[in-house]
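What follows is final_37.csv (CSV, C-alpha atoms).
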```
chain,number,residue,atom,x,y,z
U,1,MET,CA,105.2,107.7,25.4
U,2,SER,CA,107.2,105.8,22.9
U,3,ALA,CA,107.7,106.8,19.2
U,4,ALA,CA,105.5,103.9,18.2
U,5,GLU,CA,102.6,105.5,20.0
U,6,ILE,CA,102.8,108.8,18.1
U,7,ALA,CA,101.2,109.0,14.7
U,8,ASP,CA,103.4,110.2,11.8
U,9,PRO,CA,102.6,113.9,11.5
U,10,LEU,CA,103.2,113.9,7.7
U,11,LEU,CA,100.7,111.0,7.4
U,12,VAL,CA,98.1,112.9,9.5
U,13,GLU,CA,98.6,116.1,7.4
U,14,THR,CA,98.3,114.1,4.2
U,15,VAL,CA,95.0,112.3,5.1
U,16,GLU,CA,93.6,115.6,6.4
U,17,ARG,CA,94.3,117.3,3.1
U,18,LEU,CA,92.9,114.4,1.1
U,19,LEU,CA,89.7,114.4,3.1
U,20,VAL,CA,89.2,118.2,2.9
U,21,ALA,CA,89.5,117.9,-0.9
U,22,THR,CA,87.1,114.9,-1.2
U,23,CYS,CA,84.6,115.2,1.6
U,24,THR,CA,82.6,117.9,0.1
U,25,PHE,CA,78.9,118.5,0.9
U,26,ASP,CA,78.0,117.0,-2.4
U,27,GLU,CA,79.8,113.7,-1.5
U,28,VAL,CA,79.0,113.5,2.2
U,29,GLU,CA,75.3,114.4,2.1
U,30,PRO,CA,74.2,111.6,-0.2
U,31,GLY,CA,76.6,109.2,1.6
U,32,GLU,CA,74.5,109.7,4.7
U,33,LEU,CA,71.8,107.5,3.0
U,34,THR,CA,74.0,105.1,1.1
U,35,ARG,CA,77.0,105.0,3.5
U,36,TRP,CA,79.2,105.1,0.5
U,37,SER,CA,81.2,107.5,-1.7
U,38,ALA,CA,83.3,106.0,-4.5
U,39,PRO,CA,85.4,109.2,-5.0
U,40,VAL,CA,86.3,109.4,-1.3
U,41,TRP,CA,87.1,105.7,-1.2
U,42,ASP,CA,89.1,105.8,-4.4
U,43,ALA,CA,91.2,108.7,-3.2
U,44,LEU,CA,91.9,107.0,0.2
U,45,ALA,CA,92.6,103.6,-1.5
U,46,GLU,CA,94.9,105.2,-4.1
U,47,ALA,CA,97.0,106.7,-1.3
U,48,GLY,CA,97.0,103.3,0.6
U,49,PHE,CA,95.3,104.7,3.7
U,50,PRO,CA,92.8,101.8,4.3
U,51,TRP,CA,95.7,99.5,4.8
U,52,VAL,CA,97.9,101.5,7.1
U,53,GLY,CA,98.4,99.5,10.3
U,54,VAL,CA,98.1,96.2,8.4
U,55,PRO,CA,101.6,94.5,8.3
U,56,GLU,CA,103.2,94.5,4.9
U,57,ALA,CA,103.6,90.7,5.1
U,58,ALA,CA,99.8,90.6,5.2
U,59,GLY,CA,99.4,92.8,2.2
U,60,GLY,CA,99.1,96.1,4.1
U,61,MET,CA,101.1,99.3,4.1
U,62,GLY,CA,102.7,98.8,7.5
U,63,GLY,CA,102.5,101.7,9.9
U,64,SER,CA,101.7,101.8,13.5
U,65,LEU,CA,98.4,101.4,15.4
U,66,ALA,CA,98.7,105.1,16.2
U,67,ASP,CA,98.9,105.9,12.4
U,68,ALA,CA,95.8,103.7,11.7
U,69,ALA,CA,93.9,105.3,14.6
U,70,SER,CA,94.7,108.8,13.3
U,71,ILE,CA,93.4,107.9,9.9
U,72,VAL,CA,90.2,106.5,11.3
U,73,ARG,CA,89.8,109.6,13.5
U,74,ALA,CA,90.2,111.9,10.5
U,75,VAL,CA,87.7,109.9,8.4
U,76,GLY,CA,85.2,110.2,11.3
U,77,THR,CA,85.8,113.9,11.7
U,78,HIS,CA,85.1,114.5,8.1
U,79,ALA,CA,82.1,112.2,8.1
U,80,ALA,CA,83.6,110.3,5.1
U,81,PRO,CA,81.0,107.8,4.0
U,82,VAL,CA,83.4,104.9,3.5
U,83,PRO,CA,84.1,101.7,5.5
U,84,LEU,CA,87.7,102.5,6.3
U,85,ALA,CA,87.7,101.1,9.9
U,86,GLU,CA,86.5,97.8,8.6
U,87,THR,CA,89.4,97.3,6.3
U,88,GLY,CA,92.1,97.1,8.9
```
What does the file become when written as structure tokens?
Amino acid sequence: MSAAEIADPLLVETVERLLVATCTFDEVEPGELTRWSAPVWDALAEAGFPWVGVPEAAGGMGGSLADAASIVRAVGTHAAPVPLAETG
């Protein structure tokens, strides 16, 4: 396995901490109906997570496909009601 296929551990830890802090019951439960949580999205967007995996030349944050997949996996694990996968 090459280094490009392994997600950055610091990135994974950071997105996990952000999601633990923002994906509270009070945010996720109403998001089940609306499929949206502005506070969760705002925190992810402020950190640039929706654009990891998009080349910098295209307005993204860069990063590998493994990084982007790790972020999407974490968002799903935390049931974050945001359209993160659709942004990449």
key: Selected residue of minimal separation from U:Gly59 among U:Val28, U:Asp42, U:Gly88, U:Leu10, counting all atoms listed in the file   = U:Gly88
Residue contacts of U:Gly62 (6 Å, only C-alpha atoms) excluding same-chain residues fewer than 2 positions away, as a list in words =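 Counting only C-alpha atoms, the residues come to Val52, Gly53, Val54, Pro55, Glu56 and Gly60 of chain U.
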inquiry  = I'd like the contact shell of U:Ala66 - 10 Å cut-off, only C-alpha atoms, skipping same-chain residues fewer than 3 positions apart - returned as number ranges by chain.
reply    = U: 3-8, 52-53, 63, 69-72
Written file, previous selection with C-alpha atoms, as a PDB file, in the frame of the given file:
```pdb
ATOM      1  CA  ALA U   3     107.700 106.800  19.200  1.00  0.00           C
ATOM      2  CA  ALA U   4     105.500 103.900  18.200  1.00  0.00           C
ATOM      3  CA  GLU U   5     102.600 105.500  20.000  1.00  0.00           C
ATOM      4  CA  ILE U   6     102.800 108.800  18.100  1.00  0.00           C
ATOM      5  CA  ALA U   7     101.200 109.000  14.700  1.00  0.00           C
ATOM      6  CA  ASP U   8     103.400 110.200  11.800  1.00  0.00           C
ATOM      7  CA  VAL U  52      97.900 101.500   7.100  1.00  0.00           C
ATOM      8  CA  GLY U  53      98.400  99.500  10.300  1.00  0.00           C
ATOM      9  CA  GLY U  63     102.500 101.700   9.900  1.00  0.00           C
ATOM     10  CA  ALA U  69      93.900 105.300  14.600  1.00  0.00           C
ATOM     11  CA  SER U  70      94.700 108.800  13.300  1.00  0.00           C
ATOM     12  CA  ILE U  71      93.400 107.900   9.900  1.00  0.00           C
ATOM     13  CA  VAL U  72      90.200 106.500  11.300  1.00  0.00           C
TER      14      VAL U  72
END
```
Selection as a compact mmCIF listing (two decimals) with C-alpha atoms, keeping the file's coordinate frame: residues within 10 Å of (89.7, 111.2, 8.5), counting all atoms listed in the file:
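Result saved to out30.txt:
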```txt
# COMPACT_ATOMS: atom_id res chain seq x y z
CA VAL U 12 98.10 112.90 9.50
CA VAL U 15 95.00 112.30 5.10
CA GLU U 16 93.60 115.60 6.40
CA ARG U 17 94.30 117.30 3.10
CA LEU U 18 92.90 114.40 1.10
CA LEU U 19 89.70 114.40 3.10
CA VAL U 20 89.20 118.20 2.90
CA CYS U 23 84.60 115.20 1.60
CA LEU U 44 91.90 107.00 0.20
CA PHE U 49 95.30 104.70 3.70
CA ALA U 69 93.90 105.30 14.60
CA SER U 70 94.70 108.80 13.30
CA ILE U 71 93.40 107.90 9.90
CA VAL U 72 90.20 106.50 11.30
CA ARG U 73 89.80 109.60 13.50
CA ALA U 74 90.20 111.90 10.50
CA VAL U 75 87.70 109.90 8.40
CA GLY U 76 85.20 110.20 11.30
CA THR U 77 85.80 113.90 11.70
CA HIS U 78 85.10 114.50 8.10
CA ALA U 79 82.10 112.20 8.10
CA ALA U 80 83.60 110.30 5.10
CA LEU U 84 87.70 102.50 6.30
```
ask   = With all atoms listed in the file as the basis for distance, which of U:Val82, U:Trp51, U:Glu46, U:Thr87 is at the shortest distance from U:Glu27?
value = U:Val82
query = Pick the closest to U:Trp41 from U:Glu29, U:Thr14, U:Ala68, U:Thr22: which is it, counting only C-alpha atoms?
reply =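 The closest residue to U:Trp41 is U:Thr22.
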key: Gap from atom CA of U:Ala21 to atom CA of U:Pro50 - Å, one decimal   =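 Taking atom CA of U:Ala21 and atom CA of U:Pro50, their separation equals 17.2 Å.
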ask   = So what do you get for atom CA of U:Ala58 versus atom CA of U:Ala38, distance-wise?
value =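 So the answer is 24.6 Å.
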